[in-house]
Each structure stands twice: as structure tokens, then as C-alpha cells.
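Shown here: coords18.cif, mmCIF, C-alpha atoms.
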```cif
data_input
#
loop_
_atom_site.label_atom_id
_atom_site.label_comp_id
_atom_site.auth_asym_id
_atom_site.auth_seq_id
_atom_site.Cartn_x
_atom_site.Cartn_y
_atom_site.Cartn_z
CA MET A 1398 105.41 157.25 92.06
CA LEU A 1399 103.40 154.48 90.42
CA VAL A 1400 100.11 155.50 88.82
CA VAL A 1401 97.53 153.45 86.95
CA ARG A 1402 95.93 155.53 84.22
CA ALA A 1403 93.88 155.27 81.05
CA ILE A 1404 96.09 154.37 78.11
CA GLN A 1405 97.06 157.04 75.56
CA LYS A 1406 98.04 156.74 71.90
CA SER A 1407 101.61 157.71 72.82
CA ASP A 1408 101.90 154.52 74.89
CA LEU A 1409 102.23 152.19 71.88
CA ASP A 1410 106.00 151.69 72.20
CA GLY A 1411 105.72 151.01 75.92
CA LEU A 1412 102.88 148.55 75.43
CA MET A 1413 104.76 146.81 72.62
CA TYR A 1414 107.76 146.35 74.90
CA LEU A 1415 105.55 144.84 77.61
CA ALA A 1416 103.97 142.49 75.08
CA THR A 1417 107.41 141.13 74.17
CA GLN A 1418 107.92 140.19 77.83
CA VAL A 1419 104.65 138.28 78.24
CA GLY A 1420 105.52 135.02 76.48
CA ASP A 1421 102.95 132.47 75.35
CA GLY A 1422 99.54 132.10 76.93
CA MET A 1423 98.01 135.60 76.84
CA THR A 1424 95.98 135.89 73.66
CA THR A 1425 94.94 139.51 74.27
CA LEU A 1426 98.48 140.94 74.47
CA LYS A 1427 100.57 139.72 71.55
CA PRO A 1428 103.65 141.67 70.31
CA ASP A 1429 102.05 142.82 67.09
CA THR A 1430 102.31 146.56 66.42
CA THR A 1431 99.24 146.72 64.20
CA MET A 1432 97.06 144.73 66.59
CA LEU A 1433 98.22 146.73 69.64
CA GLY A 1434 97.81 150.02 67.78
CA ASN A 1435 94.23 149.10 66.89
CA ARG A 1436 93.53 148.10 70.46
CA ILE A 1437 94.90 151.37 71.82
CA SER A 1438 92.72 153.26 69.36
CA VAL A 1439 89.63 151.41 70.56
CA ALA A 1440 90.64 152.00 74.18
CA CYS A 1441 91.07 155.73 73.63
CA ASP A 1442 87.64 155.86 71.97
CA SER A 1443 86.25 153.91 74.91
CA PHE A 1444 87.52 156.31 77.57
CA ALA A 1445 86.38 159.24 75.42
CA GLU A 1446 82.92 157.60 75.14
CA ARG A 1447 82.98 157.85 71.36
CA ILE A 1448 81.73 154.27 70.85
CA PRO A 1449 78.76 152.38 72.35
CA PRO A 1450 79.34 150.95 75.86
CA GLU A 1451 79.08 147.32 74.73
CA GLN A 1452 81.92 147.81 72.21
CA ARG A 1453 84.38 149.35 74.66
CA ASP A 1454 87.75 147.98 75.71
CA TYR A 1455 89.16 149.88 78.69
CA LEU A 1456 92.94 149.48 78.72
CA PHE A 1457 94.90 150.67 81.76
CA VAL A 1458 98.66 151.07 82.12
CA LEU A 1459 100.82 151.25 85.23
CA GLU A 1460 103.34 154.06 84.83
CA ASP A 1461 106.49 154.69 86.83
CA THR A 1462 106.22 158.47 86.69
CA GLU A 1463 109.77 159.04 87.91
CA ASN A 1464 111.26 157.03 85.03
CA ARG A 1465 108.36 157.77 82.63
CA LYS A 1466 108.12 154.07 81.92
CA ILE A 1467 105.12 151.77 81.31
CA VAL A 1468 105.59 148.78 83.61
CA GLY A 1469 102.20 147.06 83.65
CA VAL A 1470 98.88 146.71 81.86
CA SER A 1471 95.37 145.46 82.61
CA ALA A 1472 92.00 145.78 80.90
CA ILE A 1473 88.22 145.41 80.98
CA LYS A 1474 86.26 144.39 77.89
CA SER A 1475 82.69 145.66 78.24
CA ALA A 1476 81.10 142.61 76.60
CA VAL A 1477 82.33 139.39 74.99
CA GLY A 1478 80.80 137.36 72.21
CA LEU A 1479 78.81 140.11 70.50
CA ASP A 1480 80.96 140.33 67.36
CA GLU A 1481 81.97 136.67 67.14
CA PRO A 1482 80.96 133.66 69.26
CA PHE A 1483 82.60 133.38 72.68
CA TYR A 1484 83.22 129.73 73.54
CA ASN A 1485 83.97 127.91 76.76
CA TYR A 1486 83.55 124.42 78.01
CA ARG A 1487 80.90 124.07 80.70
CA ILE A 1488 81.40 121.15 83.03
CA GLY A 1489 78.16 119.23 83.34
CA THR A 1490 76.91 115.89 84.55
CA LEU A 1491 75.25 112.98 82.78
CA VAL A 1492 73.62 110.24 84.81
CA HIS A 1493 73.40 106.63 83.64
CA SER A 1494 71.24 104.22 85.60
CA SER A 1495 69.57 100.83 85.36
CA LYS A 1496 67.21 99.54 88.03
CA GLU A 1497 67.42 96.01 86.63
CA LEU A 1498 71.20 95.93 86.97
CA ASN A 1499 71.27 98.10 90.08
CA VAL A 1500 73.69 100.46 88.39
CA TYR A 1501 73.84 104.22 88.90
CA SER A 1502 76.71 106.36 87.70
CA ARG A 1503 77.40 110.06 87.29
CA MET A 1504 79.82 111.19 84.61
CA ASP A 1505 81.42 114.62 84.29
CA THR A 1506 81.12 116.03 80.79
CA LEU A 1507 82.41 119.01 78.81
CA TYR A 1508 79.80 120.96 76.84
CA LEU A 1509 80.83 123.51 74.23
CA SER A 1510 79.02 126.61 75.49
CA ASN A 1511 78.20 130.22 74.63
CA ASP A 1512 76.60 130.81 78.04
CA LEU A 1513 78.91 133.72 78.95
CA THR A 1514 78.07 135.82 75.88
CA GLY A 1515 77.54 139.47 76.82
CA CYS A 1516 79.50 139.37 80.07
CA ALA A 1517 82.13 141.99 80.82
CA GLU A 1518 85.62 140.52 80.99
CA LEU A 1519 88.77 141.27 82.98
CA CYS A 1520 91.80 140.53 80.82
CA SER A 1521 95.35 141.41 79.72
CA LEU A 1522 96.89 141.59 83.20
CA PHE A 1523 100.68 141.76 83.07
CA LEU A 1524 103.26 143.36 85.37
CA HIS A 1525 106.92 143.67 84.45
CA PRO A 1526 108.99 141.24 86.57
CA ASP A 1527 111.14 144.08 87.96
CA TYR A 1528 108.05 145.62 89.56
CA ARG A 1529 106.52 142.53 91.14
CA THR A 1530 107.01 143.81 94.67
CA GLY A 1531 104.93 145.41 97.39
CA ASN A 1532 101.42 146.43 96.39
CA ASN A 1533 102.11 146.88 92.67
CA GLY A 1534 100.33 143.72 91.53
CA LYS A 1535 97.30 144.48 93.67
CA LEU A 1536 97.11 148.04 92.35
CA LEU A 1537 97.23 146.87 88.73
CA SER A 1538 94.60 144.16 89.20
CA LYS A 1539 92.21 145.87 91.59
CA CYS A 1540 92.14 149.23 89.80
CA ARG A 1541 89.63 147.66 87.42
CA PHE A 1542 87.18 146.88 90.20
CA LEU A 1543 87.25 150.47 91.42
CA PHE A 1544 86.61 151.65 87.84
CA ILE A 1545 83.58 149.37 87.65
CA ALA A 1546 82.38 150.66 91.03
CA GLN A 1547 82.57 154.24 89.76
CA PHE A 1548 80.84 153.48 86.45
CA PRO A 1549 78.63 150.41 87.06
CA HIS A 1550 76.07 151.55 84.49
CA LEU A 1551 78.59 150.88 81.72
CA PHE A 1552 78.74 147.14 82.38
CA SER A 1553 76.45 144.13 82.21
CA GLU A 1554 75.35 142.44 85.42
CA LYS A 1555 78.00 139.69 85.21
CA LEU A 1556 81.80 139.92 85.10
CA ILE A 1557 84.18 137.12 84.07
CA ALA A 1558 87.92 136.49 83.90
CA GLU A 1559 89.50 133.71 81.82
CA LEU A 1560 92.64 132.55 83.58
CA ARG A 1561 95.65 130.90 81.98
CA GLY A 1562 95.49 127.13 82.37
CA PHE A 1563 98.15 124.74 83.58
CA GLN A 1564 101.20 124.25 81.38
CA HIS A 1565 104.41 122.29 81.76
CA PRO A 1566 107.68 124.26 81.98
CA ASP A 1567 108.26 123.59 78.27
CA GLY A 1568 104.98 125.37 77.44
CA SER A 1569 102.98 122.28 76.52
CA SER A 1570 99.39 121.94 77.71
CA PRO A 1571 98.25 118.50 78.94
CA PHE A 1572 94.62 119.36 78.15
CA TRP A 1573 95.30 120.56 74.61
CA ASP A 1574 97.62 117.65 73.87
CA SER A 1575 94.95 115.21 75.04
CA LEU A 1576 92.01 116.79 73.22
CA GLY A 1577 92.37 119.77 70.88
CA ARG A 1578 95.55 118.61 69.17
CA HIS A 1579 93.80 115.50 67.84
CA PHE A 1580 91.28 117.64 65.94
CA PHE A 1581 93.64 120.30 64.56
CA LYS A 1582 97.04 118.63 64.29
CA MET A 1583 98.85 121.65 65.73
CA ASP A 1584 100.62 122.43 68.99
CA PHE A 1585 99.18 124.61 71.73
CA ASN A 1586 101.22 127.71 70.87
CA ARG A 1587 100.02 127.65 67.25
CA ALA A 1588 96.39 127.36 68.38
CA ASP A 1589 97.04 130.17 70.86
CA ASP A 1590 98.41 132.40 68.09
CA LEU A 1591 95.38 131.76 65.89
CA SER A 1592 93.13 132.69 68.79
CA SER A 1593 94.93 136.01 69.27
CA LEU A 1594 94.35 136.81 65.59
CA GLY A 1595 90.59 136.46 65.93
CA LYS A 1596 90.44 132.82 64.82
CA LYS A 1597 89.18 131.40 68.11
CA SER A 1598 85.62 131.04 66.91
CA PHE A 1599 86.83 129.24 63.79
CA ILE A 1600 88.79 126.77 65.89
CA ALA A 1601 85.93 126.31 68.33
CA GLU A 1602 83.53 125.54 65.50
CA LEU A 1603 85.71 122.57 64.57
CA MET A 1604 85.52 121.12 68.07
CA PRO A 1605 83.05 118.26 68.61
CA ARG A 1606 79.58 119.56 69.44
CA HIS A 1607 78.44 116.59 71.49
CA PRO A 1608 79.29 116.35 75.21
CA LEU A 1609 82.75 114.95 75.92
CA TYR A 1610 83.16 112.50 78.79
CA VAL A 1611 85.93 113.72 81.07
CA ALA A 1612 86.68 110.12 82.07
CA TYR A 1613 87.77 109.38 78.47
CA LEU A 1614 90.65 111.86 78.78
CA PRO A 1615 94.05 110.78 80.15
CA LYS A 1616 94.36 111.32 83.89
CA GLU A 1617 96.95 114.07 83.37
CA ALA A 1618 94.41 116.05 81.34
CA GLN A 1619 91.61 115.38 83.83
CA ASP A 1620 93.75 116.65 86.70
CA VAL A 1621 94.41 120.08 85.13
CA ILE A 1622 90.79 120.97 84.30
CA GLY A 1623 90.05 124.19 86.19
CA GLN A 1624 93.69 124.58 87.31
CA VAL A 1625 95.78 127.69 86.61
CA HIS A 1626 99.31 128.16 85.39
CA VAL A 1627 101.76 128.39 88.29
CA ALA A 1628 102.43 132.05 87.41
CA THR A 1629 98.69 132.81 87.52
CA VAL A 1630 98.06 131.58 91.08
CA PRO A 1631 98.56 135.05 92.68
CA ALA A 1632 96.23 136.67 90.09
CA ARG A 1633 93.53 134.11 90.83
CA ARG A 1634 93.83 134.77 94.56
CA LEU A 1635 93.41 138.53 94.06
CA LEU A 1636 90.29 138.06 91.92
CA GLU A 1637 88.73 135.71 94.44
CA GLN A 1638 89.37 138.25 97.20
CA GLU A 1639 87.24 140.72 95.26
CA GLY A 1640 84.27 138.38 95.03
CA MET A 1641 84.92 136.30 91.90
CA TYR A 1642 84.48 132.53 91.95
CA TYR A 1643 84.82 129.42 89.78
CA GLU A 1644 81.58 127.79 88.67
CA GLY A 1645 82.48 125.11 86.17
CA PHE A 1646 83.46 127.03 83.01
CA VAL A 1647 86.90 126.43 81.49
CA ASP A 1648 88.87 127.58 78.47
CA ILE A 1649 88.52 125.38 75.37
CA PHE A 1650 92.29 125.28 74.76
CA ASP A 1651 94.03 124.76 78.11
CA ALA A 1652 91.05 124.18 80.48
CA GLY A 1653 92.01 127.19 82.60
CA PRO A 1654 89.17 128.29 84.92
CA VAL A 1655 86.78 131.11 84.12
CA LEU A 1656 86.00 133.08 87.27
CA GLN A 1657 82.78 135.05 87.44
CA ALA A 1658 80.79 137.37 89.69
CA ARG A 1659 77.75 139.60 89.66
CA VAL A 1660 78.86 143.21 89.42
CA ASN A 1661 76.66 144.34 92.31
CA GLU A 1662 78.30 141.73 94.57
CA LEU A 1663 81.89 142.85 93.98
CA ARG A 1664 83.71 144.13 97.05
CA ALA A 1665 84.51 147.41 95.30
CA VAL A 1666 80.87 148.06 94.51
CA ARG A 1667 79.77 147.19 98.04
CA THR A 1668 82.48 148.87 100.14
CA SER A 1669 84.19 151.66 98.18
CA GLU A 1670 83.17 155.20 99.06
CA LEU A 1671 83.44 158.74 97.74
CA ALA A 1672 85.46 161.32 99.65
CA ASP A 1673 86.42 164.93 98.97
CA VAL A 1674 90.08 165.82 98.57
CA ALA A 1675 91.49 167.88 101.42
CA ASP A 1676 94.90 169.54 101.59
CA THR A 1677 97.87 168.47 103.67
CA ALA A 1678 101.39 169.81 103.75
CA GLU A 1679 102.67 166.67 105.39
CA PRO A 1680 104.61 163.94 103.58
CA ASP A 1681 102.80 161.16 101.73
CA GLY A 1682 101.34 158.59 104.07
CA VAL A 1683 101.25 160.97 107.06
CA GLY A 1684 98.58 163.19 108.49
CA GLY A 1685 95.35 161.27 107.97
CA ALA A 1686 93.65 158.47 109.77
CA SER A 1687 95.81 155.36 109.62
CA GLY A 1688 95.68 151.77 110.75
CA ALA A 1689 95.70 150.68 114.38
CA ALA A 1690 98.91 150.83 116.39
CA GLY A 1691 100.49 153.17 113.81
CA ALA A 1692 100.43 150.57 111.03
CA ALA A 1693 99.80 152.04 107.61
CA THR A 1694 96.58 150.96 105.90
CA PRO A 1695 97.06 151.07 102.13
CA MET A 1696 94.11 152.53 100.26
CA LEU A 1697 93.23 152.62 96.59
CA VAL A 1698 92.38 156.19 95.60
CA ALA A 1699 90.96 156.97 92.15
CA ASN A 1700 89.66 160.11 90.51
CA THR A 1701 86.14 160.05 89.07
CA SER A 1702 86.96 161.01 85.48
CA ILE A 1703 86.32 158.37 82.85
CA GLN A 1704 88.30 160.26 80.19
CA ASN A 1705 91.35 160.66 82.43
CA TYR A 1706 90.97 157.83 84.91
CA ARG A 1707 93.88 157.60 87.35
CA ILE A 1708 94.45 155.62 90.54
CA ILE A 1709 97.20 155.37 93.16
CA VAL A 1710 97.89 153.63 96.46
CA SER A 1711 97.96 155.91 99.51
CA ASP A 1712 98.44 155.27 103.23
CA ILE A 1713 95.85 157.94 104.05
CA MET A 1714 92.39 156.78 105.06
CA PRO A 1715 89.28 158.91 104.53
CA GLN A 1716 87.78 160.53 107.60
CA HIS A 1717 84.40 162.26 107.85
CA GLY A 1718 83.96 162.18 104.09
CA GLN A 1719 87.36 163.74 103.36
CA ILE A 1720 90.81 162.40 102.50
CA LYS A 1721 94.02 164.38 102.91
CA LEU A 1722 96.23 164.10 99.86
CA SER A 1723 99.60 165.72 99.32
CA ALA A 1724 100.33 167.94 96.33
CA GLU A 1725 102.24 165.05 94.73
CA GLN A 1726 99.30 162.70 95.15
CA ARG A 1727 96.84 165.26 93.80
CA HIS A 1728 99.10 165.80 90.80
CA ALA A 1729 99.31 162.04 90.20
CA LEU A 1730 95.51 161.83 90.25
CA GLN A 1731 95.16 165.12 88.35
CA CYS A 1732 92.47 166.27 90.75
CA ALA A 1733 91.95 169.52 92.61
CA LEU A 1734 91.11 170.31 96.21
CA LYS A 1735 87.50 169.44 97.11
CA SER A 1736 87.24 167.12 94.09
CA PRO A 1737 85.57 163.77 94.75
CA VAL A 1738 87.68 160.62 94.68
CA ARG A 1739 86.68 156.98 95.13
CA VAL A 1740 88.47 155.16 97.94
CA MET A 1741 88.71 151.52 98.97
CA ASN A 1742 90.93 149.51 101.28
CA LEU A 1743 93.54 147.77 99.14
CA ASN A 1744 93.39 144.64 101.23
CA VAL A 1745 90.41 142.56 102.24
CA ASN A 1746 89.53 142.87 105.91
CA LYS A 1747 89.70 139.53 107.64
#
```
As C-alpha cells, the full file:
Amino acid sequence: MLVVRAIQKSDLDGLMYLATQVGDGMTTLKPDTTMLGNRISVACDSFAERIPPEQRDYLFVLEDTENRKIVGVSAIKSAVGLDEPFYNYRIGTLVHSSKELNVYSRMDTLYLSNDLTGCAELCSLFLHPDYRTGNNGKLLSKCRFLFIAQFPHLFSEKLIAELRGFQHPDGSSPFWDSLGRHFFKMDFNRADDLSSLGKKSFIAELMPRHPLYVAYLPKEAQDVIGQVHVATVPARRLLEQEGMYYEGFVDIFDAGPVLQARVNELRAVRTSELADVADTAEPDGVGGASGAAGAATPMLVANTSIQNYRIIVSDIMPQHGQIKLSAEQRHALQCALKSPVRVMNLNVNK
């Protein structure tokens, strides 16, 4: 069975292995034992509520319990930009006009911005290629929304997600090569590495402070502003299904889009519900209310413990405030009979 759970200190080796599979482009999951060890320590303190809410970094892992193997990771940072500046480009507009010449023009511009400071952030989503089947990717991504729905008081009113920007197959970034490289004389991967080591604010402070006219960039760079890496398209689609949207903020390195949403408008906050665990001796996926015409309706089911948060996918729907879970499912969630669980349809109803 696949279970998403709060990370534990014993997961360092598994997380390190996953980090070696990520490749370039994810600054929050680099294969550095010291950095990952520190992050796990912060995550454990976060779930244990030993540090203030705004300093927390909730790190979740997807475990194949049969093979006792970590096969995926995702995370929520409670707030960005409180320890060091959090930079993005905000796409704005400047108008130039002259009545005498009968000229009126609107120009898109890039403003170096700290507007998203204090927002909670979804980050560090990675699923091992061997497990990119069925509902695994949805479980790993959407588990974070159900966590927020259970503990909304721990987060600010706005949630963001920085998505990986467009890159060529050789790893080069048209946006960086057309803009950032001219200021720092380094390739994209080097800048990316510096960012992962906490140097992003230093790099951003060297960027020009005045608005940049998008029209001055080469067309190839203009075309990728707000576009995602080909491998990130499915992740963007999942986030948008949950209520996140693009509103003109992009990453300063590769111009990848920053999606955002108000926490109280997320689908999980609006539609998830609590149900009490009931017993069933029937096999998993049998014995509860199911989809029409016998079709299974996959549901996300999570316990309500912050210290030991766990979530699975089940084909059992809640009915009359109860949900029938098998012994195996209850063990995976580490919950007892009559315990409350939070439930949400895995897929968005059309």
C-alpha cells in the first residue's frame, strides 16, 4: 500500500536517494546530506509543534509500505521571505502616450518584487519515475491541500507555488540566457545551485531594480515567460484543479509561473468533510458507498493528527458521517474505530 506520511529522521537515506533522481531545477531538494538532514530536523520540529507556525516546513513522504521504500516527497513551507527576502518578477504595464503625435502604447514590464512575502508555499514535489502511474501523483500533490484544510489556522491567508520554468532538453533556460546571465556571467545551473544554498537573495539584489521592458528581450525569452517545464505540466494542472491560478508573478531565474490562491477558496477547504471510522470485514474498496454504475470513486482519506499525519487513497465514500475502512487501511492511517478522518474526492467533479 502507498501511504503519504509526515517525514521522520530515519528517512534521510531515502530522501537523499530521491534527491539524486531529481536533476536540475528544484532548488529545495538538492542531494546534499547536510542540507537534507537540517531540513528533516526542521520538518520533525514542525510536525511536533516545537517551533513557531511561521517557521515551519512540513515535509511529506510517499512510502511503499510493502517494500518499505520512500518513493515520493512534497512539502509546505508555512511562510516565505521572513528570514531573507523572497523575490519574484511581477509583470506590470507601462503606458506611453502623446496626444500631439496621436501615439498610445502599452508595454509589458518586469518589476523585481517582494509582494509574496509571508505567503505559505507548496514546494519540493517529486515522484520516483517508477511510481508515476494511477493516482500516485495526485495523492502526493493533493495530500498537502487536505493537510491545510485540517489545520487552516497554521497558515497565512494566501498560498503560492513556484513552478519550474521552461528549459531546453540540454537544460538551458532561454529566459536566464537572455537576462540573468548577462549580469552574473554564469550558466543557469550554477545560479540554481547558489539559490539552493541560500544565495537567492544575494543574486536577486544584483538584478536591476528598475522595470525591465519585456519587448527588449529576445522573442524566445518573451515566449517562455509564465510557461512551465514540459515535465511540470501535469503538476500545474493538478494545482489549478484545486483552485490555484496564475496572476502575473514569475521566477527571477527561469520565468516559471507562480500560482497562488486564497486558502479559504481552496477546494479542500470548501469541500472536504470529517467522517468517523467504521469497521468493515470486506476487502479494500468494497462495502461502502461507491460511484454510480459500480465505478469506484477514489477518495483521499487522512487522519487528523498533526504529529503523525497520514493519508491514503480509498475507493470507499463516506455515508451518513461514517466511512468504512478495512483493518489494513486503519493500520495505514494509524487510526482506531470511531476516530475522525478528513475525506475528499480525489478528482474534481465536472
Practice task
Would you kindly return, as a PyMOL selection string, each protein, DNA or RNA residue with an atom no farther than 12 Å from any atom of Asn1435 of chain A, considering only C-alpha atoms and excluding same-chain residues fewer than 5 positions away?
Solution key: chain A and resi 1406+1409+1426+1429-1430+1440-1442+1454+1456
I'd like the contact shell of segment 1718-1730 of chain A - 10 Å cut-off, only C-alpha atoms, skipping same-chain residues fewer than 3 positions apart - returned as a VMD selection string. chain A and resid 1398 to 1402 1462 1670 to 1686 1698 to 1702 1705 to 1715 1733 to 1738 1740
Spatial neighbours of Glu1662 of chain A, 10 Å, all atoms listed in the file, chain gap at least 2 places, as a ChimeraX atom specification
/A:1554-1555,1639-1641,1658-1660,1664-1668
Just want the 9 Å neighbourhood of Ala1632 of chain A, counted on all atoms listed in the file, with same-chain residues fewer than 5 positions away dropped. Output as an mmCIF file with C-alpha atoms, in the coordinates of the input.
```
data_model
loop_
_atom_site.group_PDB
_atom_site.id
_atom_site.type_symbol
_atom_site.label_atom_id
_atom_site.label_comp_id
_atom_site.auth_asym_id
_atom_site.auth_seq_id
_atom_site.Cartn_x
_atom_site.Cartn_y
_atom_site.Cartn_z
ATOM 1 C CA LEU A 1522 96.890 141.590 83.200
ATOM 2 C CA GLY A 1534 100.330 143.720 91.530
ATOM 3 C CA LYS A 1535 97.300 144.480 93.670
ATOM 4 C CA SER A 1538 94.600 144.160 89.200
ATOM 5 C CA LEU A 1560 92.640 132.550 83.580
ATOM 6 C CA GLU A 1637 88.730 135.710 94.440
#
```
>> I need the output of the PyMOL selection byres ((chain A and resi 1479) around 9) for this file as a ChimeraX atom specification; which residues are they?
In response: /A:1451-1452,1476-1478,1480-1483,1514-1515
Export, as an mmCIF file, keeping the file's coordinate frame, the selected residues with C-alpha atoms.
```
data_model
loop_
_atom_site.group_PDB
_atom_site.id
_atom_site.type_symbol
_atom_site.label_atom_id
_atom_site.label_comp_id
_atom_site.auth_asym_id
_atom_site.auth_seq_id
_atom_site.Cartn_x
_atom_site.Cartn_y
_atom_site.Cartn_z
ATOM 1 C CA GLU A 1451 79.080 147.320 74.730
ATOM 2 C CA GLN A 1452 81.920 147.810 72.210
ATOM 3 C CA ALA A 1476 81.100 142.610 76.600
ATOM 4 C CA VAL A 1477 82.330 139.390 74.990
ATOM 5 C CA GLY A 1478 80.800 137.360 72.210
ATOM 6 C CA ASP A 1480 80.960 140.330 67.360
ATOM 7 C CA GLU A 1481 81.970 136.670 67.140
ATOM 8 C CA PRO A 1482 80.960 133.660 69.260
ATOM 9 C CA PHE A 1483 82.600 133.380 72.680
ATOM 10 C CA THR A 1514 78.070 135.820 75.880
ATOM 11 C CA GLY A 1515 77.540 139.470 76.820
#
```
Shell of 7 Å around Leu1509 of chain A, all atoms listed in the file, local chain residues under 2 positions omitted, as a PyMOL selection string: chain A and resi 1484-1487+1507+1606
